[in-house]
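Dropping work.pdb in here (PDB, C-alpha atoms):
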```pdb
MODEL        1
ATOM      1  CA  MET Y 184       4.985 -22.069   1.377
ATOM      2  CA  ASN Y 185       7.299 -19.438   2.720
ATOM      3  CA  THR Y 186       5.700 -16.011   3.112
ATOM      4  CA  GLU Y 187       8.957 -14.062   2.922
ATOM      5  CA  SER Y 188       9.975 -15.801  -0.304
ATOM      6  CA  ARG Y 189       6.577 -15.077  -1.792
ATOM      7  CA  LYS Y 190       6.707 -11.402  -0.756
ATOM      8  CA  LYS Y 191      10.095 -11.056  -2.467
ATOM      9  CA  ALA Y 192       8.734 -12.621  -5.649
ATOM     10  CA  LEU Y 193       5.657 -10.373  -5.623
ATOM     11  CA  ARG Y 194       7.928  -7.346  -5.203
ATOM     12  CA  TYR Y 195       9.933  -8.433  -8.234
ATOM     13  CA  PHE Y 196       6.876  -8.916 -10.448
ATOM     14  CA  PHE Y 197       4.976  -5.870  -9.253
ATOM     15  CA  GLU Y 198       7.905  -3.458  -9.637
ATOM     16  CA  LYS Y 199       8.137  -4.315 -13.299
ATOM     17  CA  VAL Y 200       4.444  -3.662 -13.821
ATOM     18  CA  VAL Y 201       4.070  -0.390 -11.917
ATOM     19  CA  ALA Y 202       7.281   1.364 -12.982
ATOM     20  CA  PRO Y 203       6.214   2.034 -16.592
ATOM     21  CA  MET Y 204       2.999   3.518 -15.212
ATOM     22  CA  GLY Y 205       4.935   6.020 -13.102
ATOM     23  CA  PHE Y 206       4.535   4.304  -9.746
ATOM     24  CA  LYS Y 207       6.885   2.686  -7.253
ATOM     25  CA  PHE Y 208       6.569   0.850  -3.953
ATOM     26  CA  THR Y 209       5.751   3.209  -1.102
ATOM     27  CA  PRO Y 210       8.839   4.363   0.819
ATOM     28  CA  ASP Y 211       6.888   3.450   3.968
ATOM     29  CA  ALA Y 212       8.620   0.080   4.309
ATOM     30  CA  GLU Y 213       6.510  -1.095   7.228
ATOM     31  CA  LEU Y 214       3.264  -0.421   5.387
ATOM     32  CA  ALA Y 215       4.534  -2.100   2.214
ATOM     33  CA  ASP Y 216       5.607  -5.137   4.178
ATOM     34  CA  PHE Y 217       2.249  -5.379   5.953
ATOM     35  CA  LEU Y 218       0.251  -5.036   2.735
ATOM     36  CA  LEU Y 219       2.382  -7.589   0.892
ATOM     37  CA  GLU Y 220       1.902 -10.000   3.754
ATOM     38  CA  GLN Y 221      -1.890  -9.529   3.522
ATOM     39  CA  GLU Y 222      -1.697 -10.166  -0.220
ATOM     40  CA  VAL Y 223       0.134 -13.430   0.392
ATOM     41  CA  ILE Y 224      -2.636 -14.398   2.804
ATOM     42  CA  LEU Y 225      -5.246 -13.549   0.177
ATOM     43  CA  GLU Y 226      -3.298 -15.382  -2.507
ATOM     44  CA  THR Y 227      -3.026 -18.448  -0.308
ATOM     45  CA  LYS Y 228      -6.789 -18.340   0.259
ATOM     46  CA  HIS Y 229      -8.014 -17.388  -3.219
ATOM     47  CA  GLY Y 230      -5.099 -18.249  -5.508
ATOM     48  CA  ILE Y 231      -4.717 -14.593  -6.516
ATOM     49  CA  PRO Y 232      -3.103 -11.630  -4.704
ATOM     50  CA  PHE Y 233      -6.031  -9.245  -4.317
ATOM     51  CA  CYS Y 234      -5.938  -5.720  -2.903
ATOM     52  CA  PRO Y 235      -6.202  -5.960   0.911
ATOM     53  CA  CYS Y 236      -8.410  -2.870   1.073
ATOM     54  CA  GLN Y 237     -11.100  -3.441  -1.540
ATOM     55  CA  PRO Y 238     -14.078  -5.812  -1.493
ATOM     56  CA  LEU Y 239     -14.208  -9.126  -3.333
ATOM     57  CA  HIS Y 240     -17.510  -9.769  -5.075
ATOM     58  CA  HIS Y 241     -16.888 -13.309  -6.368
ATOM     59  CA  ASP Y 242     -17.751 -11.933  -9.778
ATOM     60  CA  ARG Y 243     -14.931 -12.098 -12.281
ATOM     61  CA  SER Y 244     -15.680  -8.808 -14.008
ATOM     62  CA  ARG Y 245     -15.461  -6.935 -10.682
ATOM     63  CA  ASP Y 246     -12.745  -8.933  -8.934
ATOM     64  CA  MET Y 247     -10.316  -8.666 -11.823
ATOM     65  CA  LYS Y 248     -10.191  -4.943 -11.113
ATOM     66  CA  ILE Y 249      -8.640  -5.495  -7.697
ATOM     67  CA  VAL Y 250      -5.933  -7.983  -8.650
ATOM     68  CA  CYS Y 251      -2.720  -6.330  -7.487
ATOM     69  CA  PRO Y 252      -1.361  -4.161  -9.030
ATOM     70  CA  CYS Y 253      -4.803  -2.806  -9.833
ATOM     71  CA  ILE Y 254      -3.529   0.575 -11.045
ATOM     72  CA  PRO Y 255      -4.556   0.083 -14.690
ATOM     73  CA  PHE Y 256      -8.209  -0.240 -13.673
ATOM     74  CA  HIS Y 257      -8.113   2.899 -11.536
ATOM     75  CA  ARG Y 258      -5.541   4.923 -13.427
ATOM     76  CA  GLU Y 259      -7.227   8.307 -13.392
ATOM     77  CA  HIS Y 260      -8.164   8.039  -9.725
ATOM     78  CA  PHE Y 261      -4.774   6.822  -8.548
ATOM     79  CA  ASP Y 262      -2.881   9.347 -10.665
ATOM     80  CA  GLU Y 263      -5.001  12.065  -9.050
ATOM     81  CA  ILE Y 264      -4.281  10.972  -5.458
ATOM     82  CA  LYS Y 265      -0.740   9.870  -6.390
ATOM     83  CA  ARG Y 266      -1.191   6.512  -4.692
ATOM     84  CA  CYS Y 267      -3.160   3.343  -5.134
ATOM     85  CA  TRP Y 268      -6.071   2.706  -2.777
ATOM     86  CA  CYS Y 269      -4.242   0.587  -0.195
ATOM     87  CA  GLY Y 270      -1.103   2.690  -0.536
ATOM     88  CA  LEU Y 271       1.263  -0.077  -1.593
ATOM     89  CA  PHE Y 272       2.237   2.027  -4.584
ATOM     90  CA  VAL Y 273       2.785   5.768  -4.868
ATOM     91  CA  HIS Y 274       3.917   8.095  -7.619
ATOM     92  CA  GLN Y 275       7.639   7.891  -8.243
ATOM     93  CA  ASP Y 276       8.384  11.384  -6.944
ATOM     94  CA  ILE Y 277       6.727  10.818  -3.553
ATOM     95  CA  VAL Y 278       9.085  10.793  -0.572
ATOM     96  CA  ASP Y 279       6.466  11.456   2.116
ATOM     97  CA  PRO Y 280       3.626   8.980   1.566
ATOM     98  CA  ASP Y 281       1.931  10.027   4.822
ATOM     99  CA  SER Y 282       1.055  13.267   3.073
ATOM    100  CA  LEU Y 283      -1.187  11.441   0.608
ATOM    101  CA  PRO Y 284      -4.750  11.145   1.931
ATOM    102  CA  GLN Y 285      -6.897   8.178   0.971
ATOM    103  CA  LEU Y 286      -9.590   9.945  -1.036
ATOM    104  CA  PRO Y 287     -12.292   8.268  -3.133
ATOM    105  CA  PRO Y 288     -12.827   9.358  -6.763
ATOM    106  CA  HIS Y 289     -15.791  11.619  -6.111
ATOM    107  CA  GLU Y 290     -13.738  13.664  -3.646
ATOM    108  CA  VAL Y 291     -11.077  14.462  -6.236
ATOM    109  CA  GLY Y 292     -13.408  15.529  -8.990
ATOM    110  CA  LEU Y 293     -13.778  12.185 -10.708
ATOM    111  CA  GLU Y 294     -16.800   9.955 -11.542
TER     112      GLU Y 294
ATOM    113  CA  MET C  45     -23.017  11.845  19.965
ATOM    114  CA  LYS C  46     -23.858  10.757  16.431
ATOM    115  CA  LYS C  47     -24.014   7.047  15.688
ATOM    116  CA  VAL C  48     -20.890   5.659  14.077
ATOM    117  CA  ASN C  49     -21.051   2.521  11.943
ATOM    118  CA  MET C  50     -18.281   1.250   9.757
ATOM    119  CA  TYR C  51     -17.442  -1.526   7.347
ATOM    120  CA  ALA C  52     -13.886  -2.785   7.169
ATOM    121  CA  LEU C  53     -11.659  -5.601   5.936
ATOM    122  CA  SER C  54      -9.582  -7.724   8.303
ATOM    123  CA  THR C  55      -6.676  -7.294   5.880
ATOM    124  CA  CYS C  56      -6.779  -3.498   5.672
ATOM    125  CA  PRO C  57      -4.369  -1.370   7.774
ATOM    126  CA  TRP C  58      -6.352   1.832   7.164
ATOM    127  CA  CYS C  59      -9.409   0.169   8.665
ATOM    128  CA  ARG C  60      -7.343  -0.610  11.748
ATOM    129  CA  LYS C  61      -6.263   3.024  11.965
ATOM    130  CA  THR C  62      -9.882   4.078  11.661
ATOM    131  CA  LYS C  63     -10.976   1.792  14.492
ATOM    132  CA  MET C  64      -8.072   3.066  16.576
ATOM    133  CA  PHE C  65      -9.121   6.656  15.926
ATOM    134  CA  PHE C  66     -12.582   6.066  17.340
ATOM    135  CA  THR C  67     -11.223   4.039  20.264
ATOM    136  CA  GLU C  68      -8.628   6.656  21.161
ATOM    137  CA  HIS C  69     -11.242   9.421  21.020
ATOM    138  CA  ASN C  70     -13.666   7.363  23.105
ATOM    139  CA  VAL C  71     -16.233   7.296  20.319
ATOM    140  CA  PRO C  72     -18.498   4.252  20.458
ATOM    141  CA  PHE C  73     -18.751   2.608  17.056
ATOM    142  CA  SER C  74     -19.918  -0.585  15.457
ATOM    143  CA  SER C  75     -17.879  -2.328  12.817
ATOM    144  CA  ILE C  76     -18.250  -5.315  10.529
ATOM    145  CA  ASP C  77     -15.353  -6.944   8.690
ATOM    146  CA  TYR C  78     -16.787  -7.532   5.223
ATOM    147  CA  ASP C  79     -14.433 -10.397   4.385
ATOM    148  CA  LEU C  80     -15.327 -12.311   7.534
ATOM    149  CA  ALA C  81     -19.070 -11.832   7.165
ATOM    150  CA  ASP C  82     -21.514 -14.366   5.749
ATOM    151  CA  GLU C  83     -22.716 -14.151   2.165
ATOM    152  CA  ALA C  84     -25.976 -12.398   3.025
ATOM    153  CA  THR C  85     -24.215  -9.710   5.059
ATOM    154  CA  GLN C  86     -21.607  -9.261   2.338
ATOM    155  CA  ALA C  87     -24.356  -8.713  -0.231
ATOM    156  CA  LYS C  88     -25.977  -6.100   1.988
ATOM    157  CA  ILE C  89     -22.701  -4.256   2.609
ATOM    158  CA  SER C  90     -21.804  -4.466  -1.058
ATOM    159  CA  GLU C  91     -25.130  -2.869  -1.968
ATOM    160  CA  GLU C  92     -24.544  -0.040   0.499
ATOM    161  CA  LEU C  93     -21.078   0.638  -0.871
ATOM    162  CA  ASP C  94     -22.358   0.573  -4.446
ATOM    163  CA  ALA C  95     -25.196   2.951  -3.564
ATOM    164  CA  ALA C  96     -22.696   5.384  -2.059
ATOM    165  CA  GLY C  97     -20.305   4.978  -4.988
ATOM    166  CA  ALA C  98     -17.635   3.609  -2.676
ATOM    167  CA  THR C  99     -15.175   1.076  -4.083
ATOM    168  CA  GLY C 100     -12.921   0.548  -1.086
ATOM    169  CA  PHE C 101     -12.642   0.341   2.683
ATOM    170  CA  PRO C 102     -12.828   1.817   5.268
ATOM    171  CA  PHE C 103     -16.470   2.865   4.834
ATOM    172  CA  VAL C 104     -17.667   4.981   7.727
ATOM    173  CA  ARG C 105     -21.115   6.337   8.436
ATOM    174  CA  ILE C 106     -21.293   9.137  11.042
ATOM    175  CA  GLY C 107     -24.910  10.111  11.480
ATOM    176  CA  GLU C 108     -26.052  10.740   7.906
ATOM    177  CA  GLU C 109     -22.578  11.387   6.555
ATOM    178  CA  ILE C 110     -20.600   8.767   4.640
ATOM    179  CA  ILE C 111     -16.814   8.932   4.589
ATOM    180  CA  THR C 112     -14.805   6.558   2.427
ATOM    181  CA  GLY C 113     -11.099   6.104   3.049
ATOM    182  CA  TYR C 114      -9.154   6.857   6.203
ATOM    183  CA  GLN C 115      -9.907  10.547   6.852
ATOM    184  CA  PRO C 116      -9.394  11.395  10.548
ATOM    185  CA  GLU C 117      -9.962  15.147  10.034
ATOM    186  CA  ARG C 118     -13.389  14.517   8.568
ATOM    187  CA  TYR C 119     -14.251  12.098  11.380
ATOM    188  CA  SER C 120     -13.343  14.834  13.888
ATOM    189  CA  ARG C 121     -15.417  17.429  12.055
ATOM    190  CA  ALA C 122     -18.406  15.111  11.695
ATOM    191  CA  LEU C 123     -18.279  14.278  15.393
ATOM    192  CA  GLY C 124     -17.546  17.837  16.476
ATOM    193  CA  ILE C 125     -14.393  16.775  18.363
TER     194      ILE C 125
ATOM    195  CA  MET U 173      25.292 -41.505  -3.175
ATOM    196  CA  ASN U 174      28.059 -39.585  -4.925
ATOM    197  CA  LYS U 175      26.893 -37.111  -7.513
ATOM    198  CA  LYS U 176      28.978 -36.372 -10.553
ATOM    199  CA  PHE U 177      28.655 -33.750 -13.211
ATOM    200  CA  VAL U 178      27.498 -34.901 -16.640
ATOM    201  CA  ARG U 179      27.209 -32.913 -19.846
ATOM    202  CA  ALA U 180      23.697 -31.571 -20.401
ATOM    203  CA  MET U 181      23.784 -29.128 -23.306
ATOM    204  CA  PRO U 182      26.007 -26.518 -24.983
ATOM    205  CA  ALA U 183      25.827 -23.378 -22.839
ATOM    206  CA  ASP U 184      24.919 -21.169 -25.769
ATOM    207  CA  GLU U 185      21.812 -23.240 -26.489
ATOM    208  CA  VAL U 186      19.970 -21.645 -23.606
ATOM    209  CA  ALA U 187      20.147 -17.871 -23.746
ATOM    210  CA  PRO U 188      19.591 -15.491 -20.811
ATOM    211  CA  GLY U 189      15.926 -15.592 -19.866
ATOM    212  CA  GLY U 190      15.477 -18.944 -21.559
ATOM    213  CA  MET U 191      14.818 -22.536 -20.565
ATOM    214  CA  ARG U 192      15.579 -25.803 -22.278
ATOM    215  CA  VAL U 193      14.757 -29.364 -21.372
ATOM    216  CA  VAL U 194      17.189 -32.242 -21.549
ATOM    217  CA  GLU U 195      16.882 -35.879 -20.575
ATOM    218  CA  ILE U 196      19.867 -37.518 -18.917
ATOM    219  CA  ASP U 197      19.812 -40.999 -17.453
ATOM    220  CA  GLY U 198      16.054 -40.940 -17.299
ATOM    221  CA  HIS U 199      15.996 -37.574 -15.514
ATOM    222  CA  GLU U 200      14.044 -34.871 -17.323
ATOM    223  CA  ILE U 201      15.788 -31.641 -16.407
ATOM    224  CA  VAL U 202      15.124 -28.048 -17.369
ATOM    225  CA  VAL U 203      18.203 -25.839 -17.641
ATOM    226  CA  CYS U 204      17.446 -22.153 -16.983
ATOM    227  CA  ASN U 205      19.632 -19.167 -17.771
ATOM    228  CA  TRP U 206      19.218 -16.264 -15.346
ATOM    229  CA  ARG U 207      21.468 -13.432 -16.488
ATOM    230  CA  GLY U 208      24.195 -15.808 -17.608
ATOM    231  CA  ARG U 209      23.978 -18.087 -14.580
ATOM    232  CA  TYR U 210      22.681 -21.573 -15.118
ATOM    233  CA  PHE U 211      20.219 -23.371 -12.882
ATOM    234  CA  ALA U 212      18.648 -26.764 -13.340
ATOM    235  CA  VAL U 213      15.338 -28.001 -12.022
ATOM    236  CA  GLN U 214      13.169 -31.043 -12.464
ATOM    237  CA  ARG U 215      10.923 -30.754 -15.502
ATOM    238  CA  ARG U 216       7.729 -31.636 -13.697
ATOM    239  CA  CYS U 217       5.796 -28.882 -12.005
ATOM    240  CA  GLY U 218       5.403 -29.485  -8.274
ATOM    241  CA  HIS U 219       1.634 -29.006  -8.620
ATOM    242  CA  MET U 220       0.379 -31.403 -11.274
ATOM    243  CA  ASN U 221       3.541 -32.398 -13.124
ATOM    244  CA  ALA U 222       3.090 -30.220 -16.210
ATOM    245  CA  PRO U 223       6.353 -29.563 -18.091
ATOM    246  CA  LEU U 224       7.947 -26.370 -16.803
ATOM    247  CA  ASP U 225       9.953 -25.839 -19.982
ATOM    248  CA  ILE U 226       6.818 -24.607 -21.766
ATOM    249  CA  GLY U 227       6.226 -22.141 -18.951
ATOM    250  CA  THR U 228       7.788 -18.727 -18.492
ATOM    251  CA  LEU U 229      11.100 -17.788 -16.908
ATOM    252  CA  ASP U 230      11.129 -14.246 -15.552
ATOM    253  CA  GLY U 231      14.268 -13.434 -13.600
ATOM    254  CA  LYS U 232      14.792 -16.428 -11.362
ATOM    255  CA  TYR U 233      11.108 -17.314 -11.274
ATOM    256  CA  VAL U 234       9.460 -19.924 -13.441
ATOM    257  CA  THR U 235       5.698 -19.869 -13.938
ATOM    258  CA  CYS U 236       4.054 -23.083 -15.021
ATOM    259  CA  ALA U 237       1.929 -22.747 -18.143
ATOM    260  CA  MET U 238      -0.740 -25.112 -16.859
ATOM    261  CA  HIS U 239      -2.110 -23.414 -13.727
ATOM    262  CA  CYS U 240       0.500 -20.706 -13.056
ATOM    263  CA  ALA U 241       2.241 -22.210 -10.030
ATOM    264  CA  GLN U 242       5.528 -20.380  -9.489
ATOM    265  CA  PHE U 243       8.969 -21.597  -8.367
ATOM    266  CA  ASP U 244      12.352 -20.099  -7.586
ATOM    267  CA  VAL U 245      14.701 -21.953  -9.934
ATOM    268  CA  THR U 246      17.719 -21.269  -7.730
ATOM    269  CA  THR U 247      16.235 -23.209  -4.810
ATOM    270  CA  GLY U 248      13.305 -25.134  -6.269
ATOM    271  CA  GLU U 249      11.060 -23.519  -3.690
ATOM    272  CA  ALA U 250       7.342 -23.450  -4.523
ATOM    273  CA  LEU U 251       6.206 -19.836  -4.138
ATOM    274  CA  SER U 252       2.582 -19.960  -5.088
ATOM    275  CA  GLY U 253       0.046 -22.555  -6.070
ATOM    276  CA  PRO U 254      -2.376 -22.712  -8.966
ATOM    277  CA  VAL U 255      -4.591 -19.848 -10.017
ATOM    278  CA  PRO U 256      -8.126 -21.205  -9.870
ATOM    279  CA  ALA U 257      -9.698 -21.784 -13.265
ATOM    280  CA  ASP U 258     -13.099 -20.774 -11.971
ATOM    281  CA  PHE U 259     -11.865 -17.491 -10.545
ATOM    282  CA  GLY U 260     -14.802 -15.216  -9.953
ATOM    283  CA  GLY U 261     -17.419 -17.948  -9.888
ATOM    284  CA  GLU U 262     -18.053 -17.648 -13.605
ATOM    285  CA  SER U 263     -20.365 -20.383 -14.814
ATOM    286  CA  PRO U 264     -18.942 -22.557 -17.571
ATOM    287  CA  PRO U 265     -21.226 -23.841 -20.335
ATOM    288  CA  ALA U 266     -23.915 -26.126 -18.902
ATOM    289  CA  ASN U 267     -22.643 -29.294 -20.501
ATOM    290  CA  LEU U 268     -19.155 -28.792 -19.017
ATOM    291  CA  SER U 269     -20.049 -27.539 -15.597
ATOM    292  CA  GLY U 270     -20.515 -30.911 -13.931
ATOM    293  CA  TYR U 271     -17.215 -32.150 -15.257
ATOM    294  CA  LEU U 272     -15.337 -29.025 -14.276
ATOM    295  CA  GLU U 273     -16.868 -28.994 -10.828
ATOM    296  CA  HIS U 274     -15.808 -32.576 -10.365
ATOM    297  CA  VAL U 275     -12.256 -31.929 -11.543
ATOM    298  CA  GLY U 276     -12.091 -28.748  -9.521
ATOM    299  CA  MET U 277     -13.052 -30.557  -6.358
ATOM    300  CA  GLN U 278     -10.289 -33.084  -6.859
ATOM    301  CA  MET U 279      -7.727 -30.470  -7.742
ATOM    302  CA  LYS U 280      -8.478 -28.474  -4.614
ATOM    303  CA  HIS U 281      -6.651 -31.133  -2.606
ATOM    304  CA  VAL U 282      -3.524 -31.115  -4.739
ATOM    305  CA  ARG U 283      -0.569 -29.582  -2.943
ATOM    306  CA  THR U 284       2.069 -27.653  -4.793
ATOM    307  CA  GLU U 285       5.398 -29.144  -3.743
ATOM    308  CA  SER U 286       8.792 -27.619  -4.093
ATOM    309  CA  ILE U 287      10.853 -29.010  -6.963
ATOM    310  CA  SER U 288      14.267 -30.671  -7.090
ATOM    311  CA  THR U 289      17.245 -28.727  -8.264
ATOM    312  CA  TYR U 290      20.533 -29.987  -9.686
ATOM    313  CA  ASP U 291      23.920 -28.387  -9.219
ATOM    314  CA  THR U 292      25.330 -26.998 -12.447
ATOM    315  CA  LYS U 293      28.645 -25.848 -13.795
ATOM    316  CA  VAL U 294      29.817 -24.581 -17.142
ATOM    317  CA  GLU U 295      32.942 -26.132 -18.566
ATOM    318  CA  ALA U 296      34.367 -25.964 -22.052
ATOM    319  CA  GLY U 297      31.225 -24.270 -23.265
ATOM    320  CA  TRP U 298      28.884 -26.941 -21.932
ATOM    321  CA  VAL U 299      26.404 -26.799 -19.087
ATOM    322  CA  HIS U 300      26.911 -29.769 -16.792
ATOM    323  CA  VAL U 301      24.441 -31.026 -14.197
ATOM    324  CA  ALA U 302      25.221 -33.161 -11.183
ATOM    325  CA  LEU U 303      23.336 -36.429 -10.938
TER     326      LEU U 303
ENDMDL
END
```
Would you write the structure of this file as structure tokens?
Amino acid sequence: MNTESRKKALRYFFEKVVAPMGFKFTPDAELADFLLEQEVILETKHGIPFCPCQPLHHDRSRDMKIVCPCIPFHREHFDEIKRCWCGLFVHQDIVDPDSLPQLPPHEVGLE
Amino acid sequence: MKKVNMYALSTCPWCRKTKMFFTEHNVPFSSIDYDLADEATQAKISEELDAAGATGFPFVRIGEEIITGYQPERYSRALGI
Amino acid sequence: MNKKFVRAMPADEVAPGGMRVVEIDGHEIVVCNWRGRYFAVQRRCGHMNAPLDIGTLDGKYVTCAMHCAQFDVTTGEALSGPVPADFGGESPPANLSGYLEHVGMQMKHVRTESISTYDTKVEAGWVHVAL
């Protein structure tokens, strides 16, 4: 299966899911492309496009929380840091995604 | 120099940046890619992450300090560089 | 072999975002309407032959209802294979597990192939497909 075709399809589906939540694809095109490519690799291996930066536990109740886009399962955290963990998505008003550090929940006053 | 151990994912660009940070600053470090490890190692790493309340990679231990997420300023401070 | 256009269905019988199956000359074909443009694909999913017309059309992408394989209806290209039923290693009820394991093992070797497409045109209010 063609990776580029799959990346385009994932973009189409994901955009529709994240927009109503106030997110968009990161303007860092290179990063977005790299992450989408990793998700295609993961989808080819596991049948599901998982987050490239979070651990799989082979336990449905945990792994479902990192199926991309995983924003709904980490809403408070991601809204606080204005990005998702891997950085594929950022808040819609973000033009400089490099300015968003990758901080875990307990470092932004959560959990 | 404090010991630096990290856990990463082969699919994670921030983990690559983290490894590059240590390499470029000539800091010796050990690293395990969680997704490429065997089941037993994965279980051990998973336990460590859970114990630290970490849900993502990179997971870096510098001496006694645990830093989750790509945070080069904190690495520098922890290493005193 | 020369293809010629044959009448498939009235154009207004498949609305934007919709799909409808038709059989012509032994060919089971699904006509899809993507924003007013018509595309036609084989009915059978390229994974395990489930009928795509009971799946979902979103934009130009059809998702099979059976195992969620996805295809681009404009090219027939297979984009992704099945989503595993045992995702997450959940254990099914004891009396089913042996059967499911057995089926799962067989299904692991099934490739998801791209699907055939048929040229379409709209004329006099009818969608035509080329066979």
Counting only C-alpha atoms, which residues of chain Y fall within 12 Å of chain U, and what is the closest atom pair for each with its distance in Å at one decimal, ordered by chain and rising number, as a tab-separated table?
```
residue	atom	partner	partner_atom	distance
Y:Met184	CA	U:Leu251	CA	6.1
Y:Asn185	CA	U:Leu251	CA	7.0
Y:Thr186	CA	U:Leu251	CA	8.2
Y:Glu187	CA	U:Leu251	CA	9.5
Y:Ser188	CA	U:Leu251	CA	6.7
Y:Arg189	CA	U:Leu251	CA	5.3
Y:Lys190	CA	U:Leu251	CA	9.1
Y:Lys191	CA	U:Leu251	CA	9.7
Y:Ala192	CA	U:Tyr233	CA	7.7
Y:Leu193	CA	U:Leu251	CA	9.6
Y:Tyr195	CA	U:Gly231	CA	8.5
Y:Phe196	CA	U:Asp230	CA	8.5
Y:Lys199	CA	U:Asp230	CA	10.6
Y:Glu222	CA	U:Ser252	CA	11.7
Y:Val223	CA	U:Ser252	CA	8.9
Y:Ile224	CA	U:Ser252	CA	11.0
Y:Leu225	CA	U:Ser252	CA	11.4
Y:Glu226	CA	U:Ser252	CA	7.9
Y:Thr227	CA	U:Ser252	CA	7.5
Y:Lys228	CA	U:Gly253	CA	10.2
Y:His229	CA	U:Pro256	CA	7.7
Y:Gly230	CA	U:Val255	CA	4.8
Y:Ile231	CA	U:Val255	CA	6.3
Y:Pro232	CA	U:Val255	CA	9.9
Y:Phe233	CA	U:Phe259	CA	11.9
Y:Leu239	CA	U:Gly260	CA	9.0
Y:His240	CA	U:Gly260	CA	7.8
Y:His241	CA	U:Gly260	CA	4.6
Y:Asp242	CA	U:Gly260	CA	4.4
Y:Arg243	CA	U:Gly260	CA	3.9
Y:Ser244	CA	U:Gly260	CA	7.6
Y:Arg245	CA	U:Gly260	CA	8.3
Y:Asp246	CA	U:Gly260	CA	6.7
Y:Met247	CA	U:Gly260	CA	8.2
Y:Lys248	CA	U:Gly260	CA	11.3
Y:Ile249	CA	U:Gly260	CA	11.7
Y:Val250	CA	U:Phe259	CA	11.4
```
- For the file shown, report as a PyMOL selection string the outcome of the PyMOL selection byres ((chain U and resi 183-191) around 12) at residue level. chain U and resi 179-182+192-194+201-215+223-235+245+292-301
- Name the residues that the PyMOL selection byres ((chain C and resi 63-66) around 10) picks from the file above, as a list of chain:residue names, using the file's chain letters and numbers. C:Val48, C:Met50, C:Ala52, C:Pro57, C:Trp58, C:Cys59, C:Arg60, C:Lys61, C:Thr62, C:Thr67, C:Glu68, C:His69, C:Asn70, C:Val71, C:Pro72, C:Phe73, C:Ser74, C:Ser75, C:Pro102, C:Tyr114, C:Gln115, C:Pro116, C:Tyr119, C:Ser120
With C-alpha atoms retained, could you export that selection as an mmCIF file, in the frame of the given file?
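What ended up in part-v1.cif:
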```cif
data_model
loop_
_atom_site.group_PDB
_atom_site.id
_atom_site.type_symbol
_atom_site.label_atom_id
_atom_site.label_comp_id
_atom_site.auth_asym_id
_atom_site.auth_seq_id
_atom_site.Cartn_x
_atom_site.Cartn_y
_atom_site.Cartn_z
ATOM 1 C CA VAL C 48 -20.890 5.659 14.077
ATOM 2 C CA MET C 50 -18.281 1.250 9.757
ATOM 3 C CA ALA C 52 -13.886 -2.785 7.169
ATOM 4 C CA PRO C 57 -4.369 -1.370 7.774
ATOM 5 C CA TRP C 58 -6.352 1.832 7.164
ATOM 6 C CA CYS C 59 -9.409 0.169 8.665
ATOM 7 C CA ARG C 60 -7.343 -0.610 11.748
ATOM 8 C CA LYS C 61 -6.263 3.024 11.965
ATOM 9 C CA THR C 62 -9.882 4.078 11.661
ATOM 10 C CA THR C 67 -11.223 4.039 20.264
ATOM 11 C CA GLU C 68 -8.628 6.656 21.161
ATOM 12 C CA HIS C 69 -11.242 9.421 21.020
ATOM 13 C CA ASN C 70 -13.666 7.363 23.105
ATOM 14 C CA VAL C 71 -16.233 7.296 20.319
ATOM 15 C CA PRO C 72 -18.498 4.252 20.458
ATOM 16 C CA PHE C 73 -18.751 2.608 17.056
ATOM 17 C CA SER C 74 -19.918 -0.585 15.457
ATOM 18 C CA SER C 75 -17.879 -2.328 12.817
ATOM 19 C CA PRO C 102 -12.828 1.817 5.268
ATOM 20 C CA TYR C 114 -9.154 6.857 6.203
ATOM 21 C CA GLN C 115 -9.907 10.547 6.852
ATOM 22 C CA PRO C 116 -9.394 11.395 10.548
ATOM 23 C CA TYR C 119 -14.251 12.098 11.380
ATOM 24 C CA SER C 120 -13.343 14.834 13.888
#
```
Given the file above and the ChimeraX specification (/C :<9) & /Y, which residues are selected, and can you give them as a PDB file with C-alpha atoms, in the frame of the given file?
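Output (result_7.pdb):
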```pdb
ATOM      1  CA  LEU Y 214       3.264  -0.421   5.387  1.00  0.00           C
ATOM      2  CA  PHE Y 217       2.249  -5.379   5.953  1.00  0.00           C
ATOM      3  CA  LEU Y 218       0.251  -5.036   2.735  1.00  0.00           C
ATOM      4  CA  GLN Y 221      -1.890  -9.529   3.522  1.00  0.00           C
ATOM      5  CA  GLU Y 222      -1.697 -10.166  -0.220  1.00  0.00           C
ATOM      6  CA  ILE Y 224      -2.636 -14.398   2.804  1.00  0.00           C
ATOM      7  CA  LEU Y 225      -5.246 -13.549   0.177  1.00  0.00           C
ATOM      8  CA  CYS Y 234      -5.938  -5.720  -2.903  1.00  0.00           C
ATOM      9  CA  PRO Y 235      -6.202  -5.960   0.911  1.00  0.00           C
ATOM     10  CA  CYS Y 236      -8.410  -2.870   1.073  1.00  0.00           C
ATOM     11  CA  GLN Y 237     -11.100  -3.441  -1.540  1.00  0.00           C
ATOM     12  CA  PRO Y 238     -14.078  -5.812  -1.493  1.00  0.00           C
ATOM     13  CA  LEU Y 239     -14.208  -9.126  -3.333  1.00  0.00           C
ATOM     14  CA  HIS Y 240     -17.510  -9.769  -5.075  1.00  0.00           C
ATOM     15  CA  TRP Y 268      -6.071   2.706  -2.777  1.00  0.00           C
ATOM     16  CA  CYS Y 269      -4.242   0.587  -0.195  1.00  0.00           C
ATOM     17  CA  PRO Y 284      -4.750  11.145   1.931  1.00  0.00           C
ATOM     18  CA  GLN Y 285      -6.897   8.178   0.971  1.00  0.00           C
ATOM     19  CA  LEU Y 286      -9.590   9.945  -1.036  1.00  0.00           C
ATOM     20  CA  PRO Y 287     -12.292   8.268  -3.133  1.00  0.00           C
ATOM     21  CA  PRO Y 288     -12.827   9.358  -6.763  1.00  0.00           C
ATOM     22  CA  HIS Y 289     -15.791  11.619  -6.111  1.00  0.00           C
ATOM     23  CA  GLU Y 294     -16.800   9.955 -11.542  1.00  0.00           C
TER      24      GLU Y 294
END
```
